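Just below is one structure, and these are the notes that go with it.
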Amino acid sequence: MSIHRATFVQINLDLFKNNLKAINALTDPDVKLLAVVKADAYGHGALPCAQAALEAGADWLGVGIIEEGIELRNEGVTAPLLILTGVLPDEIDDLIQQRLSTVVFTPAIVETLAQRARLRDTSVGVHVKVDTGMGRLGVLPKDFLPLLKSIQKHKSLRLEGITTHFSSADEPDPEYTQFQIKRFKMLLSESNLSVNPRPLVHCANSSAIIRFKDSVFDMVRPGLILYGALPSPHLKPFLAPGFNLSPVMQWKTRIIQINRLPEGSSISYGRRYMTSQESLIATLPLGYADGLSRKLSNRMKVLVGGQLVPQVGTICMDMCLVDISSVPTARVGDEVILLGKQGDQEILSENMAEWAETIPYEIFCGISKRVPRVYCD
């Protein structure tokens, strides 16, 4: 498809593969890797990233909801796929038909899954999810062993994994994550995992892979770090020597108009910015409909001519404005970088997240579908 928009994101799949290989190198060779490609691969494109992940050595793929798994199956992806948030009863037939696996955490869904699979004369893969302290999704520790035993009695269920999720692995204080790891290990020691094949034990997300080596069991589940961003700046001191991540995405646009406005001119809706001197104001063809949050108004910067310049005025649905007074040579049609490098300067998703008072995850996932994705190697 031809790209006609001035605004687009460029995805470098080679850098994505390099990130995955660097993550793989942090663990022992027998540790498997599940690449998390949920939410359209955090806005990077689920199918291209899934294919690149498998080419780079991923063993499993993780998606958030069953529709994401079905989309990948329909595109010919045959690798093991895990639904990380579980399924409801009316989704089970599709789960079985598409050969997807799911996390389970209640006796009711276990029994329904077993019954439906038995009626189809087949089996379905399940991963028991334990709530060790996230308080969001999972079987409580006191109910873990009974649920595990109920799964093991059904021939139509394949116990593929046992998992949990950390709530605070990217926080400065390690105490709560260590508590969750300890609780998880205790439950594992109480369970009978002598079945063949032995289920995969996995709980290390992006932050835990970097910081909590004792959370690495049979498989790891990197998400954000695959795309070249850190979940938190607190993780920087724990990066292994030589471990480098490269941002996979660049977000680009072009100048469509330049105005020279006198001192005291109001800019955009609500007149929330006034020029303090004669200023060169450039209009860019993107706004909050493209995922550029209004929270960034008068707070963010972009790159023009290799220089950081401020965004000014309220961000509109389709447009925003930047003050390019420091770049008087700029012209209509010049490239503008929102995320990525230009010259010696770089804007990271972490920078934009800080300006918006959010996290890199939301920056990536917020870039809307109307922004074309362009892939390169």
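For the structure tokens, the naming scheme is as follows: chains receive sequential letters (A, B, ...) according to their order of presentation, residues are indexed from 1 within each chain, and ligands are indexed from 1 in presentation order.
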
### 9 Å contact set for stretch 181-193 of chain A, only C-alpha atoms, chain neighbours under 4 positions out, as a ChimeraX atom specification
/A:130-133,141,144-145,148-149,162-164,166,176-177,198-199,201,203,214-215

### Task
List every residue of stretch 151-334 of chain A that DSSP, applied to the backbone of this structure, places in alpha helix (DSSP H), and write the result as a PyMOL selection string.
chain A and resi 151-152+175-190+206-211

How close does each residue of stretch 164-244 of chain A get to stretch 50-61 of chain A, giving the shortest atom pair and distance in Å to one decimal for every residue with an atom at most 10 Å away, counting only C-alpha atoms, sorted by chain and residue number, as a Markdown table?
| residue | atom | partner | partner_atom | distance |
| --- | --- | --- | --- | --- |
| A:Met219 | CA | A:Asp59 | CA | 9.0 |
| A:Val220 | CA | A:Trp60 | CA | 9.8 |
| A:Arg221 | CA | A:Leu61 | CA | 8.9 |
| A:Leu226 | CA | A:Ala53 | CA | 9.0 |

Take the residues from that selection and write them out as a PDB file, in the first residue's frame, keeping all heavy atoms.
ATOM      1  N   MET A 219      10.541 -20.119  31.147  1.00  0.00           N
ATOM      2  CA  MET A 219      10.227 -19.222  30.038  1.00  0.00           C
ATOM      3  C   MET A 219      10.140 -17.798  30.566  1.00  0.00           C
ATOM      4  O   MET A 219       9.767 -17.567  31.721  1.00  0.00           O
ATOM      5  CB  MET A 219       8.902 -19.632  29.370  1.00  0.00           C
ATOM      6  CG  MET A 219       8.538 -18.836  28.134  1.00  0.00           C
ATOM      7  SD  MET A 219       7.254 -19.627  27.117  1.00  0.00           S
ATOM      8  CE  MET A 219       5.806 -19.468  28.177  1.00  0.00           C
ATOM      9  N   VAL A 220      10.504 -16.816  29.721  1.00  0.00           N
ATOM     10  CA  VAL A 220      10.367 -15.403  30.076  1.00  0.00           C
ATOM     11  C   VAL A 220       9.385 -14.754  29.120  1.00  0.00           C
ATOM     12  O   VAL A 220       9.143 -15.237  28.010  1.00  0.00           O
ATOM     13  CB  VAL A 220      11.731 -14.681  30.048  1.00  0.00           C
ATOM     14  CG1 VAL A 220      12.636 -15.215  31.142  1.00  0.00           C
ATOM     15  CG2 VAL A 220      12.410 -14.810  28.686  1.00  0.00           C
ATOM     16  N   ARG A 221       8.812 -13.599  29.552  1.00  0.00           N
ATOM     17  CA  ARG A 221       7.762 -12.946  28.776  1.00  0.00           C
ATOM     18  C   ARG A 221       8.087 -11.456  28.547  1.00  0.00           C
ATOM     19  O   ARG A 221       7.442 -10.583  29.126  1.00  0.00           O
ATOM     20  CB  ARG A 221       6.414 -13.051  29.485  1.00  0.00           C
ATOM     21  CG  ARG A 221       5.942 -14.452  29.820  1.00  0.00           C
ATOM     22  CD  ARG A 221       4.476 -14.443  30.246  1.00  0.00           C
ATOM     23  NE  ARG A 221       4.180 -13.488  31.285  1.00  0.00           N
ATOM     24  CZ  ARG A 221       4.126 -13.762  32.587  1.00  0.00           C
ATOM     25  NH1 ARG A 221       4.362 -14.987  33.016  1.00  0.00           N
ATOM     26  NH2 ARG A 221       3.839 -12.826  33.453  1.00  0.00           N
ATOM     27  N   LEU A 226      11.143  -5.433  24.178  1.00  0.00           N
ATOM     28  CA  LEU A 226      11.276  -5.878  22.789  1.00  0.00           C
ATOM     29  C   LEU A 226      11.257  -4.693  21.833  1.00  0.00           C
ATOM     30  O   LEU A 226      11.887  -4.721  20.776  1.00  0.00           O
ATOM     31  CB  LEU A 226      10.134  -6.823  22.419  1.00  0.00           C
ATOM     32  CG  LEU A 226      10.202  -8.266  22.907  1.00  0.00           C
ATOM     33  CD1 LEU A 226       8.888  -8.963  22.583  1.00  0.00           C
ATOM     34  CD2 LEU A 226      11.369  -9.005  22.292  1.00  0.00           C
TER      35      LEU A 226
END

### Task
Could you check how far atom CA of A:Ile256 sits from atom CA of A:Ala282, in Å to one decimal?
7.4 Å

### Contacts of stretch 152-155 of chain A within 10 Å, only C-alpha atoms, excl. fewer than 6 positions in-chain, as a ChimeraX atom specification
/A:110-111,113-115,117-118,122-124,146,192,195

Counting only C-alpha atoms, which residues in stretch 223-283 of chain A sit no more than 9 Å from stretch 339-361 of chain A? For each one, give the nearest pair of atoms and the distance in Å, sorted by chain then residue number, as a Markdown table.
| residue | atom | partner | partner_atom | distance |
| --- | --- | --- | --- | --- |
| A:Leu224 | CA | A:Tyr361 | CA | 7.0 |
| A:Ala229 | CA | A:Ser349 | CA | 6.9 |
| A:Leu230 | CA | A:Glu350 | CA | 7.6 |
| A:Pro231 | CA | A:Pro360 | CA | 7.0 |
| A:Ser232 | CA | A:Ile359 | CA | 8.1 |
| A:Pro233 | CA | A:Glu350 | CA | 8.4 |
| A:Pro247 | CA | A:Leu348 | CA | 7.6 |
| A:Val248 | CA | A:Gly340 | CA | 9.0 |
| A:Met249 | CA | A:Gly340 | CA | 7.1 |
| A:Gln250 | CA | A:Gly340 | CA | 4.7 |
| A:Trp251 | CA | A:Leu339 | CA | 4.8 |
| A:Lys252 | CA | A:Leu339 | CA | 7.1 |

### Query
Distance atom CA of A:Pro89-atom CA of A:Ile66, one decimal place?
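The value is 11.9 Å.
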
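Across the structure, atom CA of A:Leu286 and atom CA of A:Val37 are spaced 25.8 Å apart.
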
#### Entry: DSSP strand (DSSP E or B) selection over stretch 211-338 of chain A, as a ChimeraX atom specification
/A:219-220,249-254,257-261,266,274,279-284,301-304,307-312,320-323,335-338

### Task
Show which residues sit within 9 Å of A:Pro107, as a count of residues only. Count only C-alpha atoms, and ignore same-chain residues fewer than 6 positions away.
4

### Query
Skipping near chain neighbours, those fewer than 6 positions away, what residues fall within 8 Å of stretch 71-74 of chain A using only C-alpha atoms, listed as a PyMOL selection string?
chain A and resi 46-47+98

### Message
Residues within 10 Å of A:Val126, please, as a ChimeraX atom specification. Count only C-alpha atoms; anything in the same chain fewer than 6 positions from it doesn't count.
### Response
/A:82-83,86,100-105,110,113,151,157-162,199

### Task
Rank A:Glu91, A:Leu292, A:Leu26, A:Pro262 by their smallest atom-to-atom distance to A:Ala208, using only C-alpha atoms, and report the top residue only.
A:Leu26
